[in-house]
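Have a look at run_10.csv below; it lists CSV, C-alpha atoms and all ligand atoms.
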chain,number,residue,atom,x,y,z
A,1,MET,CA,148.9,164.7,-233.1
A,2,PRO,CA,148.2,167.2,-230.3
A,3,ILE,CA,150.5,166.8,-227.3
A,4,GLN,CA,148.6,165.3,-224.3
A,5,THR,CA,150.1,164.6,-221.0
A,6,PRO,CA,148.7,163.7,-217.5
A,7,VAL,CA,149.9,167.0,-216.0
A,8,MET,CA,147.9,168.9,-218.7
A,9,ARG,CA,144.8,167.1,-217.5
A,10,LEU,CA,145.6,167.8,-213.9
A,11,LEU,CA,146.1,171.5,-214.6
A,12,GLY,CA,143.2,171.7,-217.0
A,13,ILE,CA,145.3,173.1,-219.8
A,14,GLU,CA,145.4,172.4,-223.6
A,15,GLN,CA,149.1,173.2,-224.3
A,16,PRO,CA,152.1,171.9,-222.4
A,17,ILE,CA,153.5,175.3,-221.6
A,18,LEU,CA,153.6,177.1,-218.2
A,19,LEU,CA,154.6,180.7,-217.8
A,20,ALA,CA,157.3,181.0,-215.2
A,21,PRO,CA,156.3,183.2,-212.3
A,22,MET,CA,158.9,185.9,-213.0
A,23,GLY,CA,158.8,188.2,-210.1
A,24,MET,CA,157.1,191.5,-211.0
A,25,VAL,CA,157.5,190.6,-214.8
A,26,SER,CA,154.8,188.0,-215.1
A,27,GLY,CA,151.9,190.3,-214.4
A,28,GLY,CA,148.2,189.8,-214.9
A,29,ALA,CA,148.0,190.6,-218.5
A,30,LEU,CA,150.8,188.2,-219.4
A,31,ALA,CA,149.5,185.4,-217.2
A,32,ALA,CA,146.0,185.8,-218.7
A,33,ALA,CA,147.4,185.8,-222.2
A,34,VAL,CA,149.2,182.5,-221.7
A,35,SER,CA,146.2,180.9,-220.1
A,36,HIS,CA,143.9,182.1,-222.9
A,37,ALA,CA,146.3,180.6,-225.4
A,38,GLY,CA,145.9,177.2,-223.7
A,39,GLY,CA,148.9,177.2,-221.4
A,40,LEU,CA,149.0,178.1,-217.7
A,41,GLY,CA,149.9,181.6,-216.8
A,42,ILE,CA,151.4,182.0,-213.4
A,43,LEU,CA,151.6,185.4,-211.8
A,44,GLY,CA,155.1,186.4,-210.5
A,45,GLY,CA,154.5,187.3,-206.9
A,46,GLY,CA,158.2,187.3,-206.3
A,47,TYR,CA,159.4,188.6,-203.0
A,48,GLY,CA,155.8,189.5,-202.1
A,49,ASP,CA,153.9,192.8,-202.4
A,50,GLY,CA,150.2,192.8,-201.4
A,51,ALA,CA,149.3,195.9,-203.5
A,52,TRP,CA,151.0,194.4,-206.6
A,53,LEU,CA,149.2,191.1,-206.1
A,54,THR,CA,145.8,192.8,-205.9
A,55,ARG,CA,146.5,194.9,-209.0
A,56,GLU,CA,147.8,192.1,-211.1
A,57,CYS,CA,145.1,189.6,-210.1
A,58,ASP,CA,142.6,192.2,-211.1
A,59,ALA,CA,144.5,192.7,-214.4
A,60,ALA,CA,144.2,189.0,-215.1
A,61,GLY,CA,140.4,189.2,-215.0
A,62,ASN,CA,138.6,185.8,-215.0
A,63,ALA,CA,141.5,184.0,-216.7
A,64,PRO,CA,142.4,180.8,-214.9
A,65,ILE,CA,145.9,181.5,-213.6
A,66,GLY,CA,148.3,180.3,-210.9
A,67,ILE,CA,150.2,182.4,-208.4
A,68,GLY,CA,153.9,182.1,-207.6
A,69,PHE,CA,156.1,183.3,-204.7
A,70,ILE,CA,159.8,183.1,-203.6
A,71,THR,CA,159.3,180.7,-200.7
A,72,TRP,CA,161.9,182.1,-198.2
A,73,SER,CA,160.5,185.6,-198.8
A,74,LEU,CA,156.9,184.5,-198.4
A,75,ALA,CA,157.9,183.1,-195.0
A,76,LYS,CA,158.4,186.7,-193.9
A,77,GLN,CA,154.8,187.7,-194.9
A,78,PRO,CA,152.8,184.5,-194.9
A,79,GLN,CA,149.5,186.4,-195.1
A,80,LEU,CA,150.2,186.8,-198.8
A,81,LEU,CA,149.4,183.1,-199.3
A,82,ASP,CA,145.9,183.8,-197.8
A,83,GLN,CA,145.5,186.8,-200.1
A,84,ALA,CA,146.5,184.6,-203.1
A,85,LEU,CA,144.2,181.8,-202.2
A,86,GLU,CA,141.2,184.2,-201.9
A,87,ARG,CA,141.6,184.6,-205.7
A,88,ALA,CA,141.0,180.9,-206.3
A,89,PRO,CA,144.1,180.4,-208.3
A,90,ARG,CA,144.6,177.3,-210.5
A,91,CYS,CA,147.8,176.4,-208.5
A,92,ILE,CA,150.3,177.8,-206.0
A,93,PHE,CA,153.9,177.8,-207.3
A,94,LEU,CA,156.7,178.0,-204.8
A,95,SER,CA,160.5,178.1,-205.4
A,96,PHE,CA,163.5,178.5,-203.2
A,97,GLY,CA,162.8,177.4,-199.7
A,98,ASP,CA,160.9,175.2,-197.2
A,99,LEU,CA,157.4,174.3,-198.4
A,100,ARG,CA,156.2,172.9,-195.1
A,101,PRO,CA,154.7,176.1,-193.6
A,102,PHE,CA,152.5,176.5,-196.7
A,103,ALA,CA,151.7,173.1,-198.1
A,104,PRO,CA,148.7,172.4,-195.7
A,105,LYS,CA,146.8,175.5,-196.7
A,106,VAL,CA,147.3,174.8,-200.4
A,107,ALA,CA,146.1,171.3,-199.9
A,108,ALA,CA,143.1,172.5,-198.0
A,109,ALA,CA,142.3,174.8,-201.0
A,110,GLY,CA,142.2,171.6,-203.2
A,111,ILE,CA,144.7,172.9,-205.8
A,112,PRO,CA,148.1,171.6,-206.9
A,113,LEU,CA,151.2,172.9,-205.1
A,114,ILE,CA,153.9,173.2,-207.8
A,115,ALA,CA,157.5,173.2,-206.4
A,116,GLN,CA,160.5,174.3,-208.5
A,117,VAL,CA,163.7,172.5,-207.5
A,118,GLN,CA,167.3,172.3,-208.7
A,119,SER,CA,168.4,168.8,-207.6
A,120,VAL,CA,167.1,165.3,-207.3
A,121,ALA,CA,167.3,165.5,-203.5
A,122,GLN,CA,165.3,168.7,-203.4
A,123,ALA,CA,162.7,167.1,-205.7
A,124,ARG,CA,162.2,164.1,-203.3
A,125,GLU,CA,162.0,166.4,-200.4
A,126,ALA,CA,159.5,168.7,-202.1
A,127,VAL,CA,157.2,165.7,-202.8
A,128,ASP,CA,157.6,164.6,-199.1
A,129,HIS,CA,156.6,168.1,-198.1
A,130,GLY,CA,153.4,168.2,-200.1
A,131,ALA,CA,154.2,169.2,-203.7
A,132,SER,CA,152.1,167.5,-206.3
A,133,ILE,CA,154.0,168.7,-209.4
A,134,ILE,CA,157.7,169.2,-209.6
A,135,VAL,CA,159.5,171.7,-211.9
A,136,ALA,CA,163.1,170.5,-212.5
A,137,GLN,CA,165.0,173.7,-213.2
A,138,GLY,CA,168.4,173.5,-214.8
A,139,SER,CA,171.2,176.1,-214.4
A,140,GLU,CA,170.7,177.4,-217.9
A,141,ALA,CA,167.6,179.2,-216.6
A,142,GLY,CA,167.2,182.9,-216.3
A,143,GLY,CA,166.8,184.2,-212.8
A,144,HIS,CA,167.6,182.4,-209.6
A,145,GLY,CA,168.7,178.8,-209.6
A,146,ALA,CA,171.6,176.5,-208.9
A,147,GLY,CA,174.2,174.3,-210.5
A,148,ARG,CA,172.7,171.3,-212.3
A,149,SER,CA,172.0,171.3,-216.0
A,150,THR,CA,168.5,170.7,-217.6
A,151,LEU,CA,169.5,167.8,-219.9
A,152,PRO,CA,170.6,165.3,-217.2
A,153,LEU,CA,168.6,166.8,-214.3
A,154,VAL,CA,165.1,166.4,-215.8
A,155,PRO,CA,165.3,162.6,-216.5
A,156,ALA,CA,167.0,162.0,-213.2
A,157,VAL,CA,164.1,163.7,-211.4
A,158,VAL,CA,161.6,161.8,-213.6
A,159,ASP,CA,163.3,158.5,-212.6
A,160,ALA,CA,163.4,159.5,-208.9
A,161,LEU,CA,159.7,160.5,-208.6
A,162,GLY,CA,157.8,157.7,-210.3
A,163,ASP,CA,154.2,158.9,-210.9
A,164,VAL,CA,154.7,162.5,-209.7
A,165,PRO,CA,154.6,164.7,-212.8
A,166,VAL,CA,157.7,166.6,-213.8
A,167,VAL,CA,157.9,169.9,-215.7
A,168,ALA,CA,161.2,170.9,-217.3
A,169,ALA,CA,162.7,174.4,-217.0
A,170,GLY,CA,165.9,176.1,-218.0
A,171,GLY,CA,167.0,177.0,-221.5
A,172,ILE,CA,163.7,176.0,-223.3
A,173,ALA,CA,162.6,178.7,-225.7
A,174,ASP,CA,161.3,177.0,-228.9
A,175,GLY,CA,159.6,173.9,-230.2
A,176,ARG,CA,162.9,172.0,-230.3
A,177,GLY,CA,163.3,172.5,-226.5
A,178,LEU,CA,159.7,171.5,-225.9
A,179,ALA,CA,160.0,168.3,-228.0
A,180,ALA,CA,163.3,167.5,-226.3
A,181,ALA,CA,161.9,168.0,-222.8
A,182,LEU,CA,159.0,165.6,-223.6
A,183,MET,CA,161.6,163.0,-224.7
A,184,LEU,CA,163.3,163.4,-221.3
A,185,GLY,CA,160.1,162.4,-219.6
A,186,ALA,CA,158.9,165.9,-218.7
A,187,GLN,CA,155.1,166.4,-219.1
A,188,ALA,CA,155.3,170.1,-219.9
A,189,VAL,CA,157.8,173.0,-219.9
A,190,LEU,CA,158.1,176.2,-217.9
A,191,CYS,CA,159.5,179.2,-219.7
A,192,GLY,CA,160.7,182.5,-218.3
A,193,SER,CA,163.2,184.2,-220.6
A,194,LEU,CA,161.1,183.5,-223.7
A,195,PHE,CA,158.1,185.3,-222.2
A,196,TYR,CA,160.3,188.1,-220.8
A,197,ALA,CA,160.4,189.2,-224.5
A,198,SER,CA,156.6,189.1,-224.9
A,199,THR,CA,154.5,192.1,-225.6
A,200,GLU,CA,152.6,191.7,-222.3
A,201,ALA,CA,155.6,191.2,-219.9
A,202,LEU,CA,156.1,194.0,-217.4
A,203,ALA,CA,159.8,194.3,-218.2
A,204,HIS,CA,161.2,197.6,-219.5
A,205,PRO,CA,161.0,197.9,-223.3
A,206,ASN,CA,164.7,198.5,-223.5
A,207,ALA,CA,165.3,195.4,-221.5
A,208,LYS,CA,163.2,193.3,-223.9
A,209,LYS,CA,165.1,194.8,-226.8
A,210,THR,CA,168.4,194.1,-225.2
A,211,LEU,CA,167.4,190.4,-224.7
A,212,THR,CA,166.4,190.0,-228.4
A,213,ALA,CA,169.9,191.1,-229.4
A,214,ALA,CA,171.8,189.0,-226.8
A,215,SER,CA,173.6,185.7,-226.9
A,216,GLY,CA,173.7,183.0,-224.3
A,217,ASP,CA,177.4,183.3,-224.5
A,218,HIS,CA,177.0,186.5,-222.5
A,219,THR,CA,175.2,185.4,-219.3
A,220,LEU,CA,176.6,184.8,-215.9
A,221,ARG,CA,175.4,183.3,-212.6
A,222,SER,CA,176.3,185.6,-209.7
A,223,SER,CA,175.1,187.5,-206.7
A,224,VAL,CA,176.3,190.8,-208.0
A,225,PHE,CA,172.8,192.2,-209.0
A,226,ASP,CA,171.2,190.8,-205.7
A,227,ILE,CA,173.8,192.8,-203.8
A,228,ALA,CA,173.1,195.9,-205.8
A,229,ARG,CA,169.3,195.4,-205.2
A,230,GLY,CA,169.7,194.8,-201.5
A,231,TYR,CA,168.5,191.2,-201.6
A,232,ASP,CA,170.1,188.7,-199.2
A,233,TRP,CA,169.6,185.4,-200.9
A,234,PRO,CA,170.3,182.2,-199.0
A,235,GLN,CA,172.6,179.4,-200.4
A,236,PRO,CA,172.7,177.7,-202.8
A,237,TRP,CA,170.9,180.0,-205.1
A,238,ASN,CA,172.3,182.8,-207.2
A,239,MET,CA,171.0,184.5,-210.4
A,240,ARG,CA,171.6,184.1,-214.1
A,241,THR,CA,171.4,187.3,-216.0
A,242,LEU,CA,172.9,188.9,-219.1
A,243,ASP,CA,176.3,190.4,-218.5
A,244,ASN,CA,176.8,194.1,-218.8
A,245,ASP,CA,179.2,196.9,-217.7
A,246,PHE,CA,178.0,196.6,-214.1
A,247,SER,CA,178.6,192.8,-213.8
A,248,ARG,CA,181.9,193.1,-215.6
A,249,ARG,CA,183.0,195.7,-213.0
A,250,TRP,CA,181.9,193.9,-209.9
A,251,ALA,CA,181.2,190.1,-210.4
A,252,ASP,CA,184.7,189.2,-209.4
A,253,ASP,CA,184.9,191.8,-206.7
A,254,THR,CA,181.7,191.5,-204.6
A,255,ASP,CA,183.6,192.6,-201.5
A,256,GLY,CA,184.5,195.8,-203.3
A,257,LEU,CA,180.8,196.2,-204.4
A,258,LYS,CA,179.7,195.8,-200.8
A,259,ALA,CA,182.3,198.4,-199.7
A,260,SER,CA,180.8,200.9,-202.1
A,261,ILE,CA,177.2,199.8,-201.8
A,262,THR,CA,175.6,203.2,-201.1
A,263,SER,CA,176.8,204.9,-204.2
A,264,GLU,CA,176.6,201.8,-206.4
A,265,SER,CA,173.1,200.8,-205.5
A,266,ALA,CA,172.0,204.4,-206.1
A,267,ARG,CA,173.7,204.3,-209.5
A,268,PHE,CA,172.1,200.9,-210.3
A,269,ALA,CA,168.6,202.2,-209.3
A,270,ALA,CA,169.0,205.3,-211.4
A,271,ALA,CA,170.0,203.3,-214.4
A,272,ARG,CA,167.0,201.0,-213.9
A,273,ASP,CA,164.7,204.0,-213.8
A,274,ALA,CA,166.3,205.5,-216.9
A,275,GLY,CA,166.1,202.2,-218.8
A,276,ASP,CA,169.9,202.0,-219.1
A,277,PHE,CA,170.7,198.2,-219.2
A,278,THR,CA,174.4,198.7,-219.6
A,279,THR,CA,174.2,199.1,-215.8
A,280,ALA,CA,170.7,197.8,-214.8
A,281,VAL,CA,170.0,194.1,-215.0
A,282,VAL,CA,168.3,192.1,-217.7
A,283,ILE,CA,167.4,188.8,-216.1
A,284,ALA,CA,167.5,186.1,-218.7
A,285,GLY,CA,169.2,182.8,-219.4
A,286,GLU,CA,171.2,180.9,-221.9
A,287,ALA,CA,168.2,180.6,-224.2
A,288,ALA,CA,168.9,184.2,-225.2
A,289,ASP,CA,170.1,183.2,-228.7
A,290,LEU,CA,166.7,181.7,-229.4
A,291,ILE,CA,164.8,184.8,-228.5
A,292,ARG,CA,164.9,187.2,-231.5
A,293,GLU,CA,161.7,189.1,-231.4
A,294,ILE,CA,159.1,190.6,-229.1
A,295,ARG,CA,155.9,188.7,-229.8
A,296,PRO,CA,152.4,188.5,-228.1
A,297,ALA,CA,152.3,185.6,-225.6
A,298,ALA,CA,149.6,183.8,-227.6
A,299,GLN,CA,151.8,183.7,-230.6
A,300,ILE,CA,154.8,182.5,-228.6
A,301,VAL,CA,152.7,179.6,-227.3
A,302,ALA,CA,151.2,178.7,-230.7
A,303,ASP,CA,154.6,178.8,-232.5
A,304,MET,CA,156.3,176.7,-229.9
A,305,VAL,CA,153.6,174.0,-229.9
A,306,ALA,CA,153.4,173.9,-233.7
A,307,GLU,CA,157.1,173.5,-234.0
A,308,ALA,CA,157.3,170.8,-231.4
A,309,GLU,CA,154.4,168.8,-232.9
A,310,ALA,CA,155.9,169.0,-236.3
A,311,LEU,CA,159.3,167.7,-234.9
A,312,LEU,CA,157.6,164.9,-232.9
A,313,ALA,CA,155.7,163.8,-236.0
A,314,LYS,CA,158.8,163.8,-238.2
A,315,PRO,CA,162.1,164.2,-236.3
A,316,PRO,CA,164.8,166.2,-238.1
A,317,TYR,CA,167.1,163.2,-238.7
A,318,TYR,CA,164.4,161.8,-241.1
A,319,GLN,CA,164.3,165.1,-243.0
A,320,ARG,CA,167.7,164.8,-244.6
B,1,LIG,C1,163.1,187.7,-215.3
B,1,LIG,C2,163.0,186.4,-214.5
B,1,LIG,C3,162.5,186.5,-213.2
B,1,LIG,C4,162.3,185.3,-212.5
B,1,LIG,N1,161.7,185.4,-211.3
B,1,LIG,C5,161.4,184.2,-210.6
B,1,LIG,C6,160.7,184.3,-209.4
B,1,LIG,O1,160.3,185.3,-208.9
B,1,LIG,N2,160.3,183.1,-208.8
B,1,LIG,C7,160.6,181.9,-209.4
B,1,LIG,O2,160.2,180.9,-208.9
B,1,LIG,N3,161.4,181.8,-210.5
B,1,LIG,C8,161.8,183.0,-211.2
B,1,LIG,N4,162.5,182.9,-212.3
B,1,LIG,C9,162.9,181.6,-212.8
B,1,LIG,C10,161.8,180.9,-213.6
B,1,LIG,O3,160.9,180.4,-212.7
B,1,LIG,C11,162.3,179.7,-214.5
B,1,LIG,O4,162.9,178.7,-213.8
B,1,LIG,C12,163.2,180.1,-215.6
B,1,LIG,O5,162.8,181.3,-216.2
B,1,LIG,C13,163.3,179.0,-216.6
B,1,LIG,O6,164.4,179.2,-217.5
B,1,LIG,P1,164.4,180.1,-218.8
B,1,LIG,O7,164.5,181.5,-218.4
B,1,LIG,O8,165.5,179.6,-219.6
B,1,LIG,O9,163.0,179.8,-219.5
B,1,LIG,C14,162.7,184.1,-213.1
B,1,LIG,C15,163.2,184.0,-214.3
B,1,LIG,C16,163.4,185.2,-215.1
B,1,LIG,C17,163.9,185.1,-216.5

Show me, as structure tokens, the structure contained in the file I just sent.
Ligand SMILES: Cc1cc2nc3c(=O)[nH]c(=O)nc-3n(C[C@H](O)[C@H](O)[C@H](O)COP(=O)(O)O)c2cc1C
Amino acid sequence: MPIQTPVMRLLGIEQPILLAPMGMVSGGALAAAVSHAGGLGILGGGYGDGAWLTRECDAAGNAPIGIGFITWSLAKQPQLLDQALERAPRCIFLSFGDLRPFAPKVAAAGIPLIAQVQSVAQAREAVDHGASIIVAQGSEAGGHGAGRSTLPLVPAVVDALGDVPVVAAGGIADGRGLAAALMLGAQAVLCGSLFYASTEALAHPNAKKTLTAASGDHTLRSSVFDIARGYDWPQPWNMRTLDNDFSRRWADDTDGLKASITSESARFAAARDAGDFTTAVVIAGEAADLIREIRPAAQIVADMVAEAEALLAKPPYYQR
């Protein structure tokens, strides 16, 4: 039986998988590939860069894609929302900040506003502020997030929101995770780390390779890489990444890092340019163990759905 949920009808998609808007990693080619495979590709507008947005929207061609931004950063250059809406996206996706300045324009465009949240209280607030779909993101997720875990957070948000569709995110990277998320009451999943290791992702090839060899045992949530990159993130969010020499040196001494920031940020940037991920950051979550090869996005979508449908038809405890 193919999986069918109300949010899939709302978004006009055939598979219950959304590509996370990974800043500068989810480009046009990846978003288009996920949408062409039946999911919803969402462009990772991140902190906001008009030239990048134009280039990657062009790269997506006519594929029906959404566009995502980091909300507190979009507030510094709100014209980027107009630029995004001119491209007639399938949805606008906002995480990490106040939706109110942006919700009316998205509503006027007649498209869903998807809000990613990290708590039940944030979920209620996002709906009050105009979100029509909520992504409940657990702490297992790669990238920025907060403290609650996916397994209890998703059903709590489902219970709190009634008819508002909920999408699960954080630690979902195969058909088992998709099937489990549906059991929790989510109507689709949003995956980031899994697609970081896709052929089309704009991540450095060495970073993708590092992820496919990594374990979720070796990730951390910290602000160490934000400090190195010069981003001043508001509370309560910090970032889950793979650990490496740089995080082992500085994660427990961020004051020391700030004191040496000129030389350390230069060293970090040089490593990133050289593709040296013993110092530069690989942004990925606890699902790292489940990500063992670099595959085309269409194959990732097809494999995940096939595995979930098989499990839902015949759960593993019947297979003994
Ligand atoms: C490399 C990377 C970059 C990310 N950048 C963003 C971002 O710019 N905006 C955003 O809303 N979420 C971002 N996220 C978080 C995702 O939206 C999503 O919550 C997360 O990837 C889900 O967990 P998973 O990585 O276990 O699939 C990022 C995640 C990763 C892995």

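Nearest to Cys91 (chain A) of all the residues A:Gly12, A:Gly27, A:Gly147, A:Pro205 is A:Gly12, counting all atoms listed in the file.
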
Point to revise | Pick from A:Val281, A:Ala33, A:Ala156, A:Ile111 nearest to ligand LIG 1 (chain B), counting only C-alpha atoms and all ligand atoms | key: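 Among the listed residues, the smallest separation from ligand LIG 1 (chain B) belongs to A:Val281.
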
Practice item. Can you pull out every residue within 12 Å of Ala59 (chain A), counting only C-alpha atoms, but drop anything in the same chain fewer than 5 positions away, and send it as a PyMOL selection string? Key: chain A and resi 26-33+43+52-54+65+200

Point to revise | Test item: residues lying within 6 Å of ligand LIG 1 (chain B) with all atoms listed in the file, as a ChimeraX atom specification | key: /A:20-23,44,46,69-70,95,137,140-144,169-172,191-194,283-285,287

Would you write out those residues with C-alpha atoms, as a short mmCIF file (atom, residue, chain, number, x, y, z; two decimals), keeping the file's coordinate frame?
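Produced file part.cif, reproduced below:
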data_model
loop_
_atom_site.label_atom_id
_atom_site.label_comp_id
_atom_site.auth_asym_id
_atom_site.auth_seq_id
_atom_site.Cartn_x
_atom_site.Cartn_y
_atom_site.Cartn_z
CA ALA A 20 157.30 181.00 -215.20
CA PRO A 21 156.30 183.20 -212.30
CA MET A 22 158.90 185.90 -213.00
CA GLY A 23 158.80 188.20 -210.10
CA GLY A 44 155.10 186.40 -210.50
CA GLY A 46 158.20 187.30 -206.30
CA PHE A 69 156.10 183.30 -204.70
CA ILE A 70 159.80 183.10 -203.60
CA SER A 95 160.50 178.10 -205.40
CA GLN A 137 165.00 173.70 -213.20
CA GLU A 140 170.70 177.40 -217.90
CA ALA A 141 167.60 179.20 -216.60
CA GLY A 142 167.20 182.90 -216.30
CA GLY A 143 166.80 184.20 -212.80
CA HIS A 144 167.60 182.40 -209.60
CA ALA A 169 162.70 174.40 -217.00
CA GLY A 170 165.90 176.10 -218.00
CA GLY A 171 167.00 177.00 -221.50
CA ILE A 172 163.70 176.00 -223.30
CA CYS A 191 159.50 179.20 -219.70
CA GLY A 192 160.70 182.50 -218.30
CA SER A 193 163.20 184.20 -220.60
CA LEU A 194 161.10 183.50 -223.70
CA ILE A 283 167.40 188.80 -216.10
CA ALA A 284 167.50 186.10 -218.70
CA GLY A 285 169.20 182.80 -219.40
CA ALA A 287 168.20 180.60 -224.20
#

Practice item. Counting only C-alpha atoms, figure out which residue out of A:Leu99, A:Ala201, A:Ile294, A:Val25 gets nearest to Trp72 (chain A). Key: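 Ranked by minimum distance to Trp72 (chain A), first place goes to A:Leu99.
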